[in-house]
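Colleague: Provided herewith is a single structure, encoded as structure tokens, for subsequent inquiry.
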Amino acid sequence: MASESELGNVATRILFENDAVRGWEMDLAPGERSDRHRHTLPYLLCILEGSRVDAEVDGRGRVEIPVQAGSVFFVPPGATETAINPGPDHFREILIELKQAGPGPHKLAMANAPRAGG
């Protein structure tokens, strides 16, 4: 498991935080990578721009995630990863960490996501 000194921010910048949630913006130019980070809380990804974002997930390798503006993903905690924008389009999302999530187990869920390969 990665040490805290090897980890960076969950996303590009914090937009909002209170006792219940923390909101981040992830902004990646084509070819850009995020900091390697760990998700300790369940979160929502709300896609604003982009057609794909990949994740290099510790212990799983590279995961390709097709997206479109308006896609929303609920993601359980636990992953240590680096987000990558492999495409020619700018990628931007709002990531909302849920500090007061109900009891688990939490499962991945999505809405308005494009089908893989098209």
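Following the order of the structure tokens, chains are lettered A, B, ..., residues in each are numbered from 1, and ligands are numbered from 1.
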Quick one: residues within 8 Å of A:Val67, only C-alpha atoms, excluding same-chain residues fewer than 3 positions away - as a PyMOL selection string?
Modeller: chain A and resi 47+50-53+71+113-114
Colleague: Restricted to C-alpha atoms, what would the selected residues look like written as a short mmCIF file (atom, residue, chain, number, x, y, z; two decimals), in the first residue's frame?
Modeller:
```cif
data_model
loop_
_atom_site.label_atom_id
_atom_site.label_comp_id
_atom_site.auth_asym_id
_atom_site.auth_seq_id
_atom_site.Cartn_x
_atom_site.Cartn_y
_atom_site.Cartn_z
CA ILE A 47 -18.48 14.72 -15.99
CA GLY A 50 -14.30 14.90 -22.25
CA SER A 51 -14.83 11.58 -23.96
CA ARG A 52 -12.61 9.27 -21.91
CA VAL A 53 -10.63 9.21 -18.72
CA SER A 71 -22.23 11.18 -17.11
CA ALA A 113 -22.45 6.86 -19.52
CA PRO A 114 -21.68 6.02 -23.16
#
```
Colleague: With distances taken over only C-alpha atoms, which residue among A:Leu44, A:Leu95, A:Ile65, A:Ala55 lies nearest A:Ala79?
Modeller: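 Among A:Leu44, A:Leu95, A:Ile65, A:Ala55, it is A:Ala55 that comes nearest to A:Ala79.
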Colleague: Which residues come within 8 Å of A:Met26, counting only C-alpha atoms, excluding same-chain residues fewer than 3 positions away, as a PDB file with C-alpha atoms, in the first residue's frame?
Modeller:
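Writing done, so here's around-v8.pdb:
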```pdb
ATOM      1  CA  ALA A  11      -8.253  16.158  -7.897  1.00  0.00           C
ATOM      2  CA  THR A  12      -6.977  19.502  -9.203  1.00  0.00           C
ATOM      3  CA  ARG A  13      -8.483  21.798  -6.572  1.00  0.00           C
ATOM      4  CA  PHE A  91     -11.353  16.473 -19.545  1.00  0.00           C
ATOM      5  CA  ARG A  92     -13.143  18.147 -16.645  1.00  0.00           C
ATOM      6  CA  GLU A  93     -15.265  16.754 -13.837  1.00  0.00           C
ATOM      7  CA  ILE A  94     -16.657  17.654 -10.456  1.00  0.00           C
ATOM      8  CA  LEU A  95     -15.823  15.027  -7.829  1.00  0.00           C
TER       9      LEU A  95
END
```
Colleague: Given only C-alpha atoms as the basis, pick out the residue of A:Ala29, A:Asp35, A:Tyr43, A:Leu7 nearest to A:Gln100.
Modeller: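 Of A:Ala29, A:Asp35, A:Tyr43, A:Leu7, the one nearest A:Gln100 is A:Tyr43, counting only C-alpha atoms.
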Colleague: Quick one: residues within 9 Å of A:Gly78, only C-alpha atoms counted, chain neighbours fewer than 5 positions away excluded, as a list in words?
Modeller: Arg38, His39, Thr40, Leu41 and Pro42 of chain A
Colleague: Pick out the closest residue to A:His106 from this set: A:Gly8, A:Gly61, A:Pro77, A:Pro30. Count only C-alpha atoms.
Modeller: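 Ranking A:Gly8, A:Gly61, A:Pro77, A:Pro30 by distance to A:His106, first place goes to A:Pro77.
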Colleague: May I ask for the distance between atom CA of A:Pro86 and atom CA of A:Asn112, given in Å to one decimal place?
Modeller: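 About the pair atom CA of A:Pro86 and atom CA of A:Asn112: they are 20.7 Å apart.
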Colleague: What's the separation between atom CA of A:Gly23 and atom CA of A:Asp89, in Å to one decimal place?
Modeller: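 Taking atom CA of A:Gly23 as the start and atom CA of A:Asp89 as the end point, the length is 23.0 Å.
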Colleague: Which residue, A:Ile96, A:Thr80, A:Leu45, A:His90, has the smallest gap to A:Asn18 when you use only C-alpha atoms?
Modeller: A:Ile96
Colleague: Could you check which of A:Ala109, A:Ala69, A:Ile84, A:Val75 is closest to A:Glu56, using only C-alpha atoms?
Modeller: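 Among the listed residues, the smallest separation from A:Glu56 belongs to A:Ile84.
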Colleague: Tell me which of A:Pro66, A:Gly87, A:Gly59, A:Pro103 sits closest to A:Arg115, counting only C-alpha atoms.
Modeller: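 Closest candidate: A:Pro66.
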Colleague: What's the 10 Å shell around A:Asp19, counting only C-alpha atoms, without same-chain residues fewer than 3 positions away, as a ChimeraX atom specification?
Modeller: /A:22,98-100
Colleague: Could you state the separation of atom CA of A:Glu49 and atom CA of A:Glu6 in Å, given to one decimal place?
Modeller: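 Spanning atom CA of A:Glu49 to atom CA of A:Glu6 is a straight-line distance of 28.4 Å.
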